[in-house]
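Here is the file start-v7.txt (compact mmCIF, C-alpha atoms).
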```txt
# COMPACT_ATOMS: atom_id res chain seq x y z
CA MET A 1 -62.95 28.10 -66.30
CA LYS A 2 -60.95 25.93 -63.88
CA GLN A 3 -62.25 22.59 -62.84
CA SER A 4 -62.89 22.27 -59.18
CA LYS A 5 -60.62 20.08 -57.04
CA ARG A 6 -63.58 17.94 -56.06
CA GLY A 7 -64.28 17.26 -59.72
CA ARG A 8 -60.78 15.81 -60.18
CA ASP A 9 -61.02 13.35 -57.28
CA ILE A 10 -61.31 9.68 -58.24
CA SER A 11 -63.83 7.67 -56.36
CA PRO A 12 -62.25 4.81 -54.30
CA ARG A 13 -64.79 2.47 -55.82
CA TYR A 14 -63.50 3.19 -59.31
CA LEU A 15 -59.91 2.76 -58.15
CA PHE A 16 -60.68 -0.57 -56.54
CA LEU A 17 -62.55 -1.69 -59.63
CA ALA A 18 -59.64 -0.72 -61.85
CA LEU A 19 -57.10 -2.63 -59.71
CA THR A 20 -59.38 -5.65 -59.69
CA ILE A 21 -59.65 -5.61 -63.49
CA ILE A 22 -55.84 -5.32 -63.80
CA CYS A 23 -55.31 -8.28 -61.49
CA VAL A 24 -57.84 -10.37 -63.43
CA VAL A 25 -56.15 -9.45 -66.71
CA PHE A 26 -52.72 -10.46 -65.34
CA LEU A 27 -54.18 -13.70 -64.01
CA VAL A 28 -55.79 -14.60 -67.34
CA PHE A 29 -52.65 -13.54 -69.16
CA SER A 30 -50.45 -15.75 -66.97
CA ILE A 31 -52.75 -18.72 -67.59
CA PHE A 32 -53.06 -18.46 -71.37
CA PHE A 33 -49.67 -16.90 -72.11
CA LYS A 34 -47.26 -18.87 -69.90
CA ASP A 35 -44.24 -18.31 -72.12
CA GLN A 36 -44.59 -14.56 -72.07
CA THR A 37 -45.21 -14.44 -68.32
CA GLN A 38 -42.20 -16.67 -67.79
CA LYS A 39 -40.04 -14.06 -69.45
CA ILE A 40 -41.57 -11.34 -67.33
CA ARG A 41 -40.93 -13.36 -64.20
CA GLY A 42 -37.33 -13.83 -65.35
CA TYR A 43 -36.86 -10.11 -65.75
CA LEU A 44 -38.45 -9.44 -62.40
CA SER A 45 -36.35 -12.10 -60.70
CA ARG A 46 -33.20 -10.39 -61.93
CA ILE A 47 -34.29 -7.33 -60.00
CA ILE A 48 -35.99 -8.88 -57.00
CA VAL A 49 -33.46 -11.65 -56.19
CA PRO A 50 -30.48 -9.28 -55.74
CA LEU A 51 -32.67 -7.04 -53.63
CA GLN A 52 -33.72 -10.00 -51.54
CA GLU A 53 -30.11 -11.18 -51.15
CA GLY A 54 -29.08 -7.67 -50.16
CA ALA A 55 -31.90 -7.57 -47.62
CA ASP A 56 -30.79 -10.94 -46.25
CA LYS A 57 -27.18 -9.77 -45.95
CA ALA A 58 -28.30 -6.56 -44.30
CA GLY A 59 -30.39 -8.62 -41.88
CA ASP A 60 -27.42 -10.89 -41.12
CA THR A 61 -25.15 -7.88 -40.61
CA LEU A 62 -27.68 -6.26 -38.31
CA SER A 63 -28.06 -9.53 -36.40
CA ASP A 64 -24.27 -9.88 -36.11
CA GLY A 65 -24.04 -6.26 -34.97
CA LEU A 66 -26.67 -6.76 -32.31
CA SER A 67 -24.90 -9.96 -31.24
CA TYR A 68 -21.56 -8.07 -31.12
CA PHE A 69 -22.95 -5.31 -28.96
CA GLY A 70 -24.51 -7.96 -26.76
CA ASP A 71 -21.10 -9.66 -26.44
CA VAL A 72 -19.42 -6.32 -25.66
CA LYS A 73 -21.92 -5.65 -22.89
CA LYS A 74 -21.34 -9.12 -21.52
CA LEU A 75 -17.56 -8.66 -21.68
CA LYS A 76 -17.85 -5.32 -19.87
CA GLU A 77 -19.86 -6.93 -17.11
CA GLU A 78 -17.34 -9.77 -16.83
CA ASN A 79 -14.51 -7.21 -16.82
CA GLU A 80 -16.12 -5.32 -13.93
CA LYS A 81 -16.49 -8.58 -12.01
CA LEU A 82 -12.82 -9.42 -12.67
CA LYS A 83 -11.78 -5.96 -11.45
CA GLU A 84 -13.73 -6.47 -8.23
CA THR A 85 -12.17 -9.90 -7.76
CA LEU A 86 -8.69 -8.50 -8.45
CA LYS A 87 -9.26 -5.72 -5.92
CA GLU A 88 -10.27 -8.30 -3.33
CA TYR A 89 -7.12 -10.28 -4.05
CA GLU A 90 -5.00 -7.13 -3.80
CA ASN A 91 -6.57 -6.28 -0.45
CA GLU A 92 -5.92 -9.81 0.77
CA ALA A 93 -2.31 -9.63 -0.46
CA ALA A 94 -1.80 -6.29 1.32
CA LYS A 95 -3.27 -7.77 4.48
CA TYR A 96 -0.98 -10.80 4.30
CA GLN A 97 2.01 -8.52 3.60
CA ALA A 98 1.19 -6.42 6.66
CA GLU A 99 0.79 -9.54 8.78
CA LEU A 100 4.10 -10.89 7.45
CA SER A 101 5.83 -7.60 8.26
CA GLU A 102 4.34 -7.65 11.74
CA LEU A 103 5.48 -11.25 12.15
CA GLU A 104 9.02 -10.29 11.14
CA ASP A 105 8.99 -7.44 13.67
CA LEU A 106 7.77 -9.77 16.40
CA ARG A 107 10.42 -12.33 15.45
CA SER A 108 13.09 -9.62 15.77
CA LEU A 109 11.75 -8.70 19.21
CA TYR A 110 11.76 -12.37 20.17
CA GLU A 111 15.41 -12.72 19.14
CA LEU A 112 16.24 -9.55 21.06
CA ASP A 113 14.39 -10.84 24.11
CA LYS A 114 16.48 -14.03 24.09
CA LYS A 115 19.66 -11.94 24.40
CA PHE A 116 18.57 -10.68 27.82
CA PRO A 117 17.06 -13.67 29.64
CA ASP A 118 17.64 -12.11 33.06
CA TYR A 119 15.33 -9.15 32.42
CA ASN A 120 11.54 -9.06 32.62
CA MET A 121 10.20 -7.65 29.37
CA THR A 122 6.96 -6.80 27.60
CA ALA A 123 6.30 -5.80 24.00
CA ALA A 124 4.49 -2.62 22.96
CA ARG A 125 3.58 -0.81 19.77
CA VAL A 126 4.43 2.78 18.88
CA PHE A 127 1.27 4.78 18.10
CA SER A 128 2.64 8.31 17.89
CA THR A 129 5.97 10.04 17.29
CA ASP A 130 7.38 13.53 17.27
CA SER A 131 7.22 15.58 14.09
CA SER A 132 10.94 15.68 13.34
CA SER A 133 12.65 13.50 10.74
CA TRP A 134 14.14 11.38 13.53
CA PHE A 135 12.04 9.74 16.23
CA ASN A 136 13.57 11.35 19.32
CA GLU A 137 10.32 11.06 21.32
CA LEU A 138 7.52 8.58 20.82
CA TYR A 139 4.47 7.12 22.54
CA ILE A 140 3.81 3.44 23.17
CA ASP A 141 0.47 1.71 23.82
CA LYS A 142 1.33 0.36 27.28
CA GLY A 143 1.72 2.10 30.62
CA LEU A 144 1.23 1.78 34.36
CA ASN A 145 -1.41 -0.93 33.98
CA ASP A 146 1.21 -3.07 32.24
CA GLY A 147 3.94 -2.48 34.80
CA ILE A 148 5.75 0.21 32.81
CA TYR A 149 7.15 3.11 34.85
CA GLU A 150 9.51 6.05 34.41
CA GLY A 151 13.05 4.76 34.02
CA CYS A 152 12.22 1.55 32.12
CA ASN A 153 14.71 0.84 29.33
CA VAL A 154 13.26 0.48 25.83
CA LEU A 155 14.80 -1.75 23.15
CA CYS A 156 14.22 -2.10 19.41
CA ASP A 157 15.85 -3.81 16.41
CA ASN A 158 19.28 -4.87 17.74
CA GLY A 159 19.81 -2.44 20.57
CA LEU A 160 18.85 0.43 22.84
CA LEU A 161 16.10 2.78 21.71
CA GLY A 162 15.61 4.95 24.76
CA ILE A 163 14.02 5.25 28.18
CA VAL A 164 10.50 5.85 29.53
CA VAL A 165 10.20 9.39 30.87
CA GLU A 166 6.44 9.50 31.55
CA SER A 167 3.96 6.71 32.15
CA TYR A 168 0.18 6.81 32.35
CA ASP A 169 -2.46 4.13 32.80
CA ASN A 170 -2.51 2.89 29.21
CA TYR A 171 0.41 4.56 27.45
CA ALA A 172 3.87 5.96 28.04
CA ARG A 173 6.27 8.50 26.56
CA VAL A 174 9.73 7.38 25.52
CA ARG A 175 12.78 9.59 24.97
CA ALA A 176 15.18 8.16 22.40
CA ILE A 177 18.93 8.11 23.03
CA ILE A 178 19.49 10.34 19.98
CA ASP A 179 17.64 13.20 21.71
CA ASP A 180 19.82 16.22 22.48
CA ARG A 181 19.11 15.76 26.22
CA SER A 182 20.44 12.20 26.23
CA ASN A 183 23.86 11.27 27.62
CA ILE A 184 24.70 7.62 28.26
CA THR A 185 27.60 6.14 30.20
CA ALA A 186 28.88 3.36 27.97
CA GLU A 187 31.79 0.99 27.27
CA VAL A 188 33.72 0.38 24.07
CA GLY A 189 36.52 -1.82 22.75
CA LYS A 190 38.41 -4.81 24.08
CA ASP A 191 39.36 -2.95 27.25
CA ASN A 192 35.73 -2.03 27.97
CA ALA A 193 36.85 1.59 28.16
CA LEU A 194 34.35 3.93 29.72
CA CYS A 195 32.92 6.66 27.49
CA ASN A 196 29.90 8.86 26.96
CA VAL A 197 27.41 8.63 24.08
CA GLU A 198 26.03 12.08 23.36
CA GLY A 199 22.57 12.44 21.81
CA SER A 200 22.30 14.91 18.95
CA LEU A 201 19.60 15.19 16.29
CA LYS A 202 21.91 17.36 14.21
CA ASN A 203 24.60 14.67 14.14
CA MET A 204 21.99 12.02 13.43
CA GLU A 205 21.08 13.92 10.28
CA GLU A 206 24.57 12.96 9.09
CA GLY A 207 24.14 9.38 10.30
CA PHE A 208 26.20 9.19 13.49
CA LEU A 209 26.56 10.06 17.17
CA TYR A 210 29.71 11.03 19.03
CA VAL A 211 31.30 8.84 21.72
CA THR A 212 33.53 11.05 23.86
CA ASP A 213 36.00 10.83 26.77
CA ILE A 214 37.61 7.55 25.64
CA ASN A 215 41.00 6.99 27.26
CA LYS A 216 43.66 7.60 24.61
CA ASN A 217 45.41 4.31 25.52
CA ALA A 218 42.25 2.22 25.27
CA SER A 219 42.19 -0.37 22.50
CA VAL A 220 39.40 0.80 20.21
CA GLU A 221 39.02 -0.23 16.58
CA ILE A 222 36.65 0.39 13.70
CA GLY A 223 33.64 -1.93 14.04
CA ASP A 224 33.85 -2.26 17.84
CA ARG A 225 30.53 -2.46 19.63
CA VAL A 226 29.49 0.28 22.05
CA ILE A 227 27.32 -0.99 24.91
CA THR A 228 25.66 0.43 28.02
CA SER A 229 27.93 0.36 31.04
CA ASN A 230 27.23 -1.29 34.37
CA VAL A 231 28.08 2.01 36.10
CA SER A 232 25.19 3.80 34.36
CA ASP A 233 22.54 4.89 36.83
CA ARG A 234 19.69 4.55 34.30
CA TYR A 235 20.52 1.81 31.80
CA PHE A 236 21.09 -1.90 32.31
CA PHE A 237 24.44 -3.37 31.34
CA GLY A 238 25.33 -4.81 27.96
CA ILE A 239 22.69 -3.30 25.66
CA THR A 240 24.10 -2.43 22.24
CA ILE A 241 24.08 1.26 21.33
CA GLY A 242 26.06 1.26 18.09
CA TYR A 243 29.30 0.47 16.26
CA VAL A 244 32.49 2.51 15.82
CA THR A 245 33.03 3.94 12.34
CA GLU A 246 35.74 6.57 12.97
CA ILE A 247 38.28 7.40 15.72
CA SER A 248 40.18 10.65 16.38
CA TYR A 249 42.41 11.99 19.18
CA ASP A 250 41.32 15.02 21.18
CA PRO A 251 43.43 18.21 21.44
CA ASN A 252 44.09 17.55 25.15
CA ASN A 253 46.06 14.44 24.15
CA LEU A 254 44.40 12.55 27.00
CA THR A 255 41.23 11.26 25.37
CA LYS A 256 39.88 10.34 21.98
CA THR A 257 36.51 10.56 20.30
CA ALA A 258 34.70 8.11 18.04
CA LYS A 259 31.80 8.27 15.67
CA ILE A 260 29.26 5.46 15.80
CA THR A 261 26.36 4.26 13.70
CA MET A 262 23.30 3.27 15.67
CA ALA A 263 22.01 -0.27 16.23
CA VAL A 264 18.42 1.01 15.92
CA ASP A 265 16.81 2.49 12.82
CA PHE A 266 15.30 5.61 14.36
CA LYS A 267 13.37 6.42 11.20
CA ASP A 268 11.31 3.25 11.31
CA VAL A 269 10.17 2.34 14.82
CA LYS A 270 7.00 0.24 15.12
CA ASP A 271 7.34 -2.36 17.87
CA VAL A 272 9.52 -2.18 20.97
CA LEU A 273 10.51 -4.21 24.01
CA ILE A 274 10.38 -2.63 27.44
CA ILE A 275 12.44 -3.92 30.34
CA THR A 276 9.87 -3.66 33.12
CA ASP A 277 12.58 -3.74 35.78
CA ARG A 278 14.13 -0.41 36.67
CA LYS A 279 17.76 0.11 37.52
CA GLN A 280 17.10 3.29 39.45
CA VAL A 281 14.29 5.82 39.76
CA VAL A 282 15.61 9.19 38.61
CA ASP A 283 14.19 12.60 37.79
CA TYR A 284 14.00 13.72 34.17
```
Could you render the structure from this file as structure tokens?
Amino acid sequence: MKQSKRGRDISPRYLFLALTIICVVFLVFSIFFKDQTQKIRGYLSRIIVPLQEGADKAGDTLSDGLSYFGDVKKLKEENEKLKETLKEYENEAAKYQAELSELEDLRSLYELDKKFPDYNMTAARVFSTDSSSWFNELYIDKGLNDGIYEGCNVLCDNGLLGIVVESYDNYARVRAIIDDRSNITAEVGKDNALCNVEGSLKNMEEGFLYVTDINKNASVEIGDRVITSNVSDRYFFGITIGYVTEISYDPNNLTKTAKITMAVDFKDVKDVLIITDRKQVVDY
């Protein structure tokens, strides 16, 4: 017959009593048998000491690990702060670069203004252009309120950009001289030979404009400057249009034609000078 589970249970009182007796026995034994207990302690120390050293090393490693992760977190925070600081410096540098570029543009306009001391001028900024690859029409941020009217000549870089064709209270529309509708009476060479500068966006794609109707006997050389003529009814005299790069005789044997590069970079127009005087009011 099987013994019941309850019958096998040991009373906690008996267990406590047994442990107490064992402890007393070990205590008495350690007092009266020191040599034997010394050996036991030696054996135990061989086991316990390595375990304790291992625990200490594990604790140090864990402490170092926690310290490492703490340092990593700190470094990440410092890195984020450095990134923010660097971004601020980059923004400041970009701002200074833009201001420097604007200053250079204004200095160029100032130098251009000094070339024409007899004309009244005002500076303006381009805020919109046409959608073609070349700026044949553009809008400036000054208009009637600033004394700018239809027919005012517009300058940029080292020469003639175009002419105002429409003016409103606070802005105006400018037609560039490279526009297909443009035709300028000009002069070229040592003899100041009269000629015509023909606007053409197609030719500008190849980097030049044509200067036509030059007298075949006129002294014209590569590098000569082409300027606006005094006989022009729309443009003031002496404004640079471009420079001769090629010369050829026409089939009629009476005139010759030249190719010129422009004095203005029509792909990068930001600031302009407007001659507020008008040579003549004309219809466009």
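Distance-wise, atom CA of Tyr119 of chain A and atom CA of Asp146 of chain A end up 15.4 Å apart.
Picture a line from atom CA of Ile241 of chain A to atom CA of Asn196 of chain A; it runs 11.1 Å.
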Would you compute, for all listed atoms of segment 250-267 of chain A, the axis-aligned bounding box grown by 6 Å on each side, and then report its centre and edge lengths in Å rounded to one decimal, as lines of an AutoDock Vina configuration file?
```
center_x = 29.7
center_y = 9.0
center_z = 19.1
size_x = 44.7
size_y = 30.5
size_z = 27.8
```
Would you pick out the contacts of Ala123 of chain A at 8 Å or less, using all atoms listed in the file, so that residues sharing its chain but fewer than 4 positions from it are not included, and give the list as a ChimeraX atom specification? /A:109,271-274
As a VMD selection string, please: the residues near Leu209 of chain A (cut-off 12 Å, all atoms listed in the file, same-chain neighbours under 6 positions excluded). chain A and resid 177 to 180 182 to 184 196 to 203 226 241 to 246 257 to 263
Mind checking which residues fall within 12 Å of Asn120 of chain A, counting only C-alpha atoms, ignoring those fewer than 3 positions away in the same chain, and posting them as a PyMOL selection string? chain A and resi 113-117+123+146-148+152-154+236+273-278
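Protein and nucleic acid residues near (6.2, 12.7, 20.7) are Val126, Phe127, Ser128, Thr129, Asp130, Ser131, Ser132, Ser133, Trp134, Phe135, Asn136, Glu137, Leu138, Tyr139, Ile140, Val164, Val165, Glu166, Ala172, Arg173, Val174, Arg175, Ala176 and Asp179 of chain A, the criterion being any atom at most 12 Å away using only C-alpha atoms.
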Between atom CA of Lys270 of chain A and atom CA of Ile239 of chain A, what is the distance, to one decimal in Å? 19.2 Å
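Proximity to Met204 of chain A was assessed for A:Lys216, A:Arg234, A:Arg225, A:Lys267 counting only C-alpha atoms; the smallest distance is recorded for A:Lys267.
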Surrounding residues of segment 248-250 of chain A excluding itself and chain neighbours under 5 positions, 12 Å, all atoms listed in the file, as a ChimeraX atom specification: /A:210-218,220-222,255-259
